file run_12.cif (mmCIF, C-alpha atoms and all ligand atoms)
data_protein
loop_
_atom_site.label_atom_id
_atom_site.label_comp_id
_atom_site.auth_asym_id
_atom_site.auth_seq_id
_atom_site.Cartn_x
_atom_site.Cartn_y
_atom_site.Cartn_z
CA MET B 172 -43.33 174.96 92.45
CA LYS B 173 -46.59 173.09 91.83
CA LYS B 174 -48.23 176.40 91.04
CA ILE B 175 -45.68 177.08 88.28
CA LYS B 176 -46.22 173.60 86.83
CA ASN B 177 -49.99 174.12 86.74
CA LEU B 178 -49.57 177.53 85.19
CA LEU B 179 -47.37 176.10 82.43
CA ARG B 180 -49.83 173.27 81.81
CA SER B 181 -52.61 175.86 81.43
CA PHE B 182 -50.52 177.43 78.63
CA GLU B 183 -50.11 174.00 77.01
CA ILE B 184 -46.33 174.01 77.44
CA GLU B 185 -45.06 170.50 76.62
CA GLU B 186 -44.48 168.13 79.54
CA ASN B 187 -40.86 167.43 78.57
CA ILE B 188 -40.12 171.17 78.75
CA ILE B 189 -41.93 171.54 82.09
CA LYS B 190 -39.84 168.63 83.40
CA THR B 191 -36.57 170.48 82.84
CA ALA B 192 -37.69 174.14 83.08
CA VAL B 193 -39.35 173.98 86.51
CA PRO B 194 -36.37 172.49 88.41
CA ALA B 195 -34.12 174.98 86.55
CA MET B 196 -36.33 177.88 87.68
CA GLU B 197 -36.15 176.60 91.25
CA GLU B 198 -32.36 176.33 91.11
CA TYR B 199 -32.14 179.84 89.62
CA MET B 200 -34.41 181.19 92.39
CA ASN B 201 -32.21 179.61 95.08
CA SER B 202 -29.07 181.14 93.56
CA ILE B 203 -30.58 184.60 93.25
CA LEU B 204 -31.87 184.48 96.85
CA GLU B 205 -28.36 183.44 97.95
CA TRP B 206 -26.69 186.25 95.93
CA ASN B 207 -29.21 188.67 97.37
CA LYS B 208 -27.60 188.31 100.79
CA LYS B 209 -24.46 189.97 99.36
CA VAL B 210 -25.67 192.08 96.42
CA ASN B 211 -28.97 193.93 96.17
CA LEU B 212 -30.69 192.18 93.27
CA THR B 213 -34.31 192.10 94.39
CA ALA B 214 -36.42 193.35 97.30
CA ILE B 215 -38.01 189.90 97.53
CA THR B 216 -36.40 187.57 100.06
CA SER B 217 -38.85 184.68 100.62
CA ARG B 218 -39.36 181.72 98.30
CA GLU B 219 -43.18 182.05 98.34
CA GLU B 220 -43.05 185.68 97.29
CA PHE B 221 -40.35 184.92 94.71
CA ILE B 222 -42.54 182.23 93.13
CA ASP B 223 -45.57 184.54 92.97
CA LYS B 224 -44.02 187.89 92.18
CA HIS B 225 -41.07 186.92 90.03
CA LEU B 226 -41.70 183.51 88.46
CA ALA B 227 -45.50 183.40 88.00
CA ASP B 228 -45.69 187.10 87.18
CA SER B 229 -42.96 186.79 84.52
CA LEU B 230 -44.87 183.95 82.88
CA MET B 231 -48.14 185.94 82.54
CA CYS B 232 -47.65 186.38 78.79
CA ALA B 233 -46.50 182.83 78.02
CA GLY B 234 -49.83 181.64 76.64
CA SER B 235 -50.27 184.56 74.23
CA ASN B 236 -50.16 184.13 70.46
CA GLU B 237 -47.69 187.01 70.27
CA ILE B 238 -45.10 185.14 72.36
CA GLN B 239 -45.87 181.71 71.00
CA ASN B 240 -45.45 182.86 67.39
CA SER B 241 -42.23 184.81 67.99
CA LYS B 242 -38.61 183.79 67.49
CA THR B 243 -36.60 186.69 68.91
CA ILE B 244 -37.26 188.40 72.25
CA ILE B 245 -35.46 191.22 74.09
CA ASP B 246 -35.98 191.95 77.80
CA VAL B 247 -35.14 195.60 78.53
CA GLY B 248 -34.02 196.32 82.13
CA THR B 249 -34.05 192.65 83.11
CA GLY B 250 -32.54 193.27 86.59
CA ALA B 251 -32.34 189.88 88.33
CA GLY B 252 -33.61 188.25 85.11
CA PHE B 253 -37.33 189.03 84.98
CA PRO B 254 -39.28 188.29 82.92
CA GLY B 255 -36.46 187.08 80.60
CA VAL B 256 -35.06 184.08 82.50
CA PRO B 257 -38.34 182.18 83.17
CA LEU B 258 -39.41 182.83 79.57
CA ALA B 259 -36.07 181.63 78.15
CA LEU B 260 -36.42 178.41 80.18
CA ILE B 261 -39.84 177.52 78.85
CA PHE B 262 -39.11 178.54 75.24
CA PRO B 263 -35.71 176.93 74.53
CA GLU B 264 -36.25 177.24 70.76
CA LYS B 265 -36.54 181.06 70.87
CA SER B 266 -33.57 183.48 71.10
CA PHE B 267 -33.42 185.95 73.96
CA LEU B 268 -31.37 189.06 74.65
CA LEU B 269 -31.38 190.21 78.28
CA LEU B 270 -30.29 193.83 78.69
CA ASP B 271 -29.55 195.84 81.80
CA SER B 272 -27.56 198.98 82.43
CA GLN B 273 -25.96 197.55 85.59
CA ASN B 274 -22.90 195.42 84.93
CA LYS B 275 -22.93 193.59 88.26
CA LYS B 276 -26.50 192.35 87.71
CA ILE B 277 -25.73 191.22 84.17
CA GLU B 278 -22.61 189.33 85.29
CA ILE B 279 -24.50 187.50 88.04
CA ILE B 280 -27.56 186.56 86.03
CA LYS B 281 -25.45 185.42 83.08
CA GLU B 282 -23.45 183.10 85.32
CA GLU B 283 -26.52 181.72 87.11
CA ALA B 284 -28.57 181.32 83.92
CA GLN B 285 -25.74 179.37 82.33
CA LYS B 286 -25.47 177.15 85.42
CA VAL B 287 -29.14 176.17 85.09
CA GLY B 288 -28.66 175.28 81.45
CA ILE B 289 -29.89 178.33 79.54
CA ARG B 290 -28.22 178.29 76.10
CA ASN B 291 -30.69 180.43 74.16
CA ALA B 292 -29.93 183.82 75.72
CA VAL B 293 -27.26 186.48 75.44
CA PHE B 294 -26.67 188.98 78.23
CA ILE B 295 -25.64 192.54 77.48
CA GLN B 296 -24.75 195.39 79.80
CA GLY B 297 -25.86 198.71 78.34
CA ARG B 298 -28.54 201.34 78.22
CA ALA B 299 -31.57 200.81 76.04
CA GLU B 300 -31.12 204.29 74.52
CA ASP B 301 -27.62 203.36 73.28
CA LEU B 302 -28.27 199.81 72.10
CA ALA B 303 -31.48 200.69 70.24
CA GLY B 304 -29.50 203.04 67.99
CA GLU B 305 -27.16 200.23 66.85
CA GLU B 306 -27.92 198.59 63.52
CA ASP B 307 -27.59 195.04 64.93
CA TYR B 308 -30.40 195.61 67.43
CA ARG B 309 -32.65 198.29 65.93
CA GLU B 310 -36.05 196.97 64.80
CA LYS B 311 -34.65 193.42 64.97
CA PHE B 312 -36.91 191.72 67.53
CA ASP B 313 -40.32 190.10 67.20
CA ILE B 314 -41.06 190.93 70.83
CA CYS B 315 -39.76 193.29 73.51
CA VAL B 316 -40.75 192.65 77.13
CA SER B 317 -40.07 194.94 80.05
CA ARG B 318 -41.12 194.98 83.70
CA ALA B 319 -40.76 197.68 86.38
CA VAL B 320 -38.27 199.82 84.45
CA ALA B 321 -39.86 203.23 83.74
CA PRO B 322 -43.20 205.01 83.30
CA MET B 323 -44.99 204.02 80.09
CA ALA B 324 -44.09 207.11 78.01
CA VAL B 325 -40.38 206.62 78.80
CA LEU B 326 -40.57 202.86 78.41
CA LEU B 327 -42.04 203.15 74.93
CA GLU B 328 -39.05 205.21 73.84
CA TYR B 329 -36.66 202.60 75.31
CA CYS B 330 -38.48 199.60 73.89
CA LEU B 331 -40.35 200.26 70.63
CA PRO B 332 -37.15 201.00 68.63
CA PHE B 333 -36.04 197.37 69.22
CA VAL B 334 -39.25 195.91 67.77
CA ARG B 335 -39.65 195.17 64.06
CA THR B 336 -42.71 196.54 62.28
CA GLY B 337 -45.42 193.93 62.80
CA GLY B 338 -43.90 192.82 66.14
CA ASN B 339 -45.10 193.57 69.67
CA PHE B 340 -44.02 195.26 72.86
CA LEU B 341 -45.34 193.71 76.09
CA ALA B 342 -45.22 196.09 79.05
CA TYR B 343 -45.67 194.51 82.48
CA LYS B 344 -47.33 197.18 84.61
CA GLY B 345 -48.60 197.70 88.14
CA ALA B 346 -51.40 199.64 89.82
CA LYS B 347 -50.96 202.93 87.97
CA TRP B 348 -51.13 201.43 84.49
CA GLN B 349 -54.24 203.35 83.42
CA GLN B 350 -52.81 206.81 84.20
CA GLU B 351 -49.50 205.81 82.62
CA LEU B 352 -51.15 204.62 79.46
CA TYR B 353 -53.24 207.76 79.20
CA ALA B 354 -50.11 209.93 79.56
CA ALA B 355 -48.30 207.86 76.92
CA GLU B 356 -50.76 208.28 74.04
CA ASN B 357 -48.62 210.84 72.27
CA ALA B 358 -45.44 208.77 72.69
CA LEU B 359 -47.25 205.73 71.32
CA ASP B 360 -48.24 207.63 68.21
CA ILE B 361 -44.81 209.22 67.62
CA LEU B 362 -42.93 205.95 68.09
CA GLY B 363 -45.09 203.81 65.79
CA GLY B 364 -47.08 201.77 68.29
CA GLU B 365 -50.72 200.90 68.68
CA LYS B 366 -52.31 199.57 71.87
CA ILE B 367 -54.02 196.28 71.25
CA ARG B 368 -55.14 194.84 74.56
CA ILE B 369 -54.65 194.63 78.28
CA ASP B 370 -54.24 191.21 79.89
CA SER B 371 -55.29 191.40 83.50
CA SER B 372 -55.49 187.67 84.19
CA ASN B 373 -53.64 187.31 87.40
CA PHE B 374 -51.76 184.39 88.86
CA THR B 375 -50.34 185.91 92.01
CA LYS B 376 -52.23 185.94 95.27
CA GLU B 377 -51.54 189.43 96.54
CA ASP B 378 -50.95 191.58 93.48
CA THR B 379 -54.34 191.87 91.93
CA ASP B 380 -53.51 194.88 89.80
CA HIS B 381 -50.73 193.52 87.59
CA VAL B 382 -51.38 193.67 83.86
CA VAL B 383 -49.54 193.07 80.63
CA ILE B 384 -50.17 195.77 78.04
CA TYR B 385 -49.79 194.50 74.47
CA ILE B 386 -48.59 197.13 72.00
CA TYR B 387 -48.47 196.34 68.29
CA LYS B 388 -45.71 198.01 66.24
CA GLU B 389 -47.58 199.38 63.23
CA LYS B 390 -44.89 201.51 61.66
CA GLU B 391 -41.16 202.20 61.87
CA THR B 392 -39.87 204.32 64.76
CA PRO B 393 -38.42 207.61 63.47
CA ARG B 394 -34.62 207.45 63.45
CA LYS B 395 -34.19 210.21 66.03
CA TYR B 396 -35.66 207.99 68.78
CA PRO B 397 -34.60 206.97 71.32
CA ARG B 398 -32.94 210.24 72.18
CA LYS B 399 -29.55 210.32 73.96
CA ALA B 400 -29.20 208.29 77.19
CA GLY B 401 -30.98 210.05 80.05
CA LYS B 402 -33.17 212.28 77.86
CA PRO B 403 -36.25 210.05 77.62
CA SER B 404 -36.58 209.87 81.41
CA LYS B 405 -35.80 213.57 81.92
CA TYR B 406 -38.07 214.84 79.16
CA PRO B 407 -40.67 212.12 78.42
CA LEU B 408 -42.58 212.37 75.13
CA LEU B 409 -45.83 213.56 76.72
N1 LIG D 501 -37.24 193.82 85.16
C1 LIG D 501 -36.76 193.43 86.47
C2 LIG D 501 -37.90 193.00 87.37
O1 LIG D 501 -39.05 193.23 87.02
O2 LIG D 501 -37.64 192.41 88.44
C3 LIG D 501 -35.92 194.54 87.10
C4 LIG D 501 -36.65 195.77 87.51
S1 LIG D 501 -35.59 196.98 88.25
C5 LIG D 501 -36.72 197.86 89.22
C6 LIG D 501 -35.23 198.06 86.87
C7 LIG D 501 -34.01 197.64 86.10
O3 LIG D 501 -33.96 198.41 84.89
C8 LIG D 501 -32.71 197.92 86.84
O4 LIG D 501 -31.95 196.74 86.91
C9 LIG D 501 -32.01 198.99 86.00
O5 LIG D 501 -30.61 198.83 85.97
C10 LIG D 501 -32.63 198.77 84.62
N2 LIG D 501 -32.67 199.96 83.76
C11 LIG D 501 -33.21 201.17 84.07
N3 LIG D 501 -33.09 202.03 83.04
C12 LIG D 501 -32.46 201.35 82.04
C13 LIG D 501 -32.03 201.70 80.72
N4 LIG D 501 -32.22 202.93 80.24
N5 LIG D 501 -31.43 200.75 79.97
C14 LIG D 501 -31.22 199.49 80.46
N6 LIG D 501 -31.59 199.13 81.71
C15 LIG D 501 -32.20 200.02 82.49
#

call {"tool": "encode", "arguments": {"input": "run_12.cif", "output": "structure tokens"}}
result
Amino acid sequence: MKKIKNLLRSFEIEENIIKTAVPAMEEYMNSILEWNKKVNLTAITSREEFIDKHLADSLMCAGSNEIQNSKTIIDVGTGAGFPGVPLALIFPEKSFLLLDSQNKKIEIIKEEAQKVGIRNAVFIQGRAEDLAGEEDYREKFDICVSRAVAPMAVLLEYCLPFVRTGGNFLAYKGAKWQQELYAAENALDILGGEKIRIDSSNFTKEDTDHVVIYIYKEKETPRKYPRKAGKPSKYPLL
């Protein structure tokens, strides 16, 4: 976990937060790896890989002004809690909503996150397309993060409706990010987003092609988006 400590120090996270967040992340990792023997939560089974590919990768955006200046963050398709859980641990003063369509995953991560002391997050089972239409959640967040959930054009339709005008969507993407971004230009325009930058600084040893794409929400998303559950992935806004 030394690597995680150093990473957090490089982002100027306070020492008293590092002191509690890092052991909590380790405890959370151990619980998820234990659960993974019974329930399929993640393809990663070793601690080393978990530290690199889940913990360090989730924290890639933690030094950004966008995250540091935000108060409310939603993680769409959080799965086993990434990137939402590591971020909630290092930013205890911010409010997080972790969303996933699978009830079993949400139940497990809620229980384990509470055990490691997370008090600044709520956990909701549901589909992004449904929740983003609800008044309580629509255009209510400073930041939306999402990792490994859908191709960019689909992801924008899931995520941008949650972000307030002037907020940001941070898409964690893998090797095909350039093609995905190219194919999503129309969706970006329709949904009110504007690409601002790509962060390719990389903290993991093996995955050299992970990036975080920062999208600024310039204008409101038209009310008809997201379309009904299932439609964005079946008929992406290309
Ligand atoms: N973000 C996690 C990570 O990077 O480890 C999990 C990635 S997993 C491959 C994708 C997750 O997205 C699954 O847990 C799935 O249930 C969830 N998901 C897919 N489509 C969704 C939707 N429309 N609304 C909410 N969750 C969704």

call {"tool": "residues_around", "arguments": {"input": "run_12.cif", "residues": "Thr191 (chain B)", "least_positions_apart": "3", "cutoff": "12 Å", "atoms": "all atoms listed in the file", "output": "VMD selection string"}}
result
chain B and resid 176 184 to 188 194 to 198 257 260 to 263 287 to 289

call {"tool": "closest_residue", "arguments": {"input": "run_12.cif", "among": "B:Leu362, B:Ala227, B:Leu352, B:Ala400", "to": "ligand LIG 501 (chain D)", "atoms": "all atoms listed in the file"}}
result
B:Ala400

call {"tool": "residues_near_point", "arguments": {"input": "run_12.cif", "point": "(-34.8, 201.2, 84.1)", "cutoff": "7 Å", "atoms": "all atoms listed in the file", "output": "list in words"}}
result
Gly248, Val320 and Ala321 of chain B

call {"tool": "residues_around", "arguments": {"input": "run_12.cif", "residues": "Ser241 (chain B)", "least_positions_apart": "3", "cutoff": "7 Å", "atoms": "all atoms listed in the file", "output": "ChimeraX atom specification"}}
result
/B:237-238,313-314

call {"tool": "closest_atom_pairs", "arguments": {"input": "run_12.cif", "of": "chain B", "to": "ligand LIG 501 (chain D)", "cutoff": "10 Å", "atoms": "all atoms listed in the file", "output": "CSV"}}
result
residue,atom,partner,partner_atom,distance
B:Leu212,CA,D:LIG501,O4,7.9
B:Thr213,CA,D:LIG501,O2,6.8
B:Ala214,CA,D:LIG501,O2,9.0
B:Ile215,CA,D:LIG501,O2,9.4
B:Lys224,CA,D:LIG501,O2,8.7
B:His225,CA,D:LIG501,O2,6.7
B:Leu226,CA,D:LIG501,O2,9.8
B:Asp228,CA,D:LIG501,O1,9.0
B:Ser229,CA,D:LIG501,O1,7.9
B:Asp246,CA,D:LIG501,N1,7.7
B:Val247,CA,D:LIG501,C14,5.9
B:Gly248,CA,D:LIG501,O3,3.5
B:Thr249,CA,D:LIG501,N1,4.0
B:Gly250,CA,D:LIG501,O4,3.5
B:Ala251,CA,D:LIG501,O2,5.9
B:Gly252,CA,D:LIG501,C1,6.2
B:Phe253,CA,D:LIG501,C2,4.7
B:Pro254,CA,D:LIG501,N1,6.3
B:Gly255,CA,D:LIG501,N1,8.2
B:Leu269,CA,D:LIG501,C14,9.5
B:Leu270,CA,D:LIG501,C14,6.0
B:Asp271,CA,D:LIG501,N6,3.9
B:Ser272,CA,D:LIG501,N6,4.1
B:Gln273,CA,D:LIG501,O5,4.8
B:Asn274,CA,D:LIG501,O5,8.5
B:Lys275,CA,D:LIG501,O5,9.6
B:Lys276,CA,D:LIG501,O4,7.0
B:Ile277,CA,D:LIG501,O4,8.8
B:Ile295,CA,D:LIG501,C14,9.4
B:Gln296,CA,D:LIG501,C14,7.7
B:Gly297,CA,D:LIG501,C14,5.8
B:Arg298,CA,D:LIG501,N5,3.4
B:Ala299,CA,D:LIG501,N5,3.9
B:Glu300,CA,D:LIG501,N4,6.0
B:Asp301,CA,D:LIG501,N5,8.1
B:Leu302,CA,D:LIG501,N5,8.5
B:Ala303,CA,D:LIG501,N5,9.7
B:Val316,CA,D:LIG501,N1,8.8
B:Ser317,CA,D:LIG501,N1,5.9
B:Arg318,CA,D:LIG501,O1,4.3
B:Ala319,CA,D:LIG501,C4,4.7
B:Val320,CA,D:LIG501,C6,4.3
B:Ala321,CA,D:LIG501,N3,6.9
B:Val325,CA,D:LIG501,N4,9.1
B:Leu326,CA,D:LIG501,N4,8.5
B:Glu328,CA,D:LIG501,N4,9.6
B:Tyr329,CA,D:LIG501,N4,6.6
B:Cys330,CA,D:LIG501,N5,9.4
B:Tyr343,CA,D:LIG501,O1,8.1
B:Lys344,CA,D:LIG501,O1,9.5
B:Ala400,CA,D:LIG501,N4,6.9
B:Gly401,CA,D:LIG501,N4,7.2
B:Lys402,CA,D:LIG501,N4,9.7
B:Pro403,CA,D:LIG501,N4,8.6
B:Ser404,CA,D:LIG501,N4,8.3

call {"tool": "closest_residue", "arguments": {"input": "run_12.cif", "among": "B:Thr392, B:Gln285, B:Asn291, B:Thr216", "to": "Gly363 (chain B)", "atoms": "all atoms listed in the file"}}
result
B:Thr392

call {"tool": "atom_distance", "arguments": {"input": "run_12.cif", "atom1": "CA of Gln239 (chain B)", "atom2": "CA of Gln350 (chain B)"}}
result
29.2 Å

call {"tool": "atom_distance", "arguments": {"input": "run_12.cif", "atom1": "CA of His381 (chain B)", "atom2": "CA of Ala346 (chain B)"}}
result
6.5 Å

call {"tool": "closest_residue", "arguments": {"input": "run_12.cif", "among": "B:Leu409, B:Gly345, B:Val382, B:Lys174", "to": "Asp223 (chain B)", "atoms": "only C-alpha atoms"}}
result
B:Lys174

call {"tool": "atom_distance", "arguments": {"input": "run_12.cif", "atom1": "CA of Ile280 (chain B)", "atom2": "CA of Lys208 (chain B)"}}
result
14.9 Å
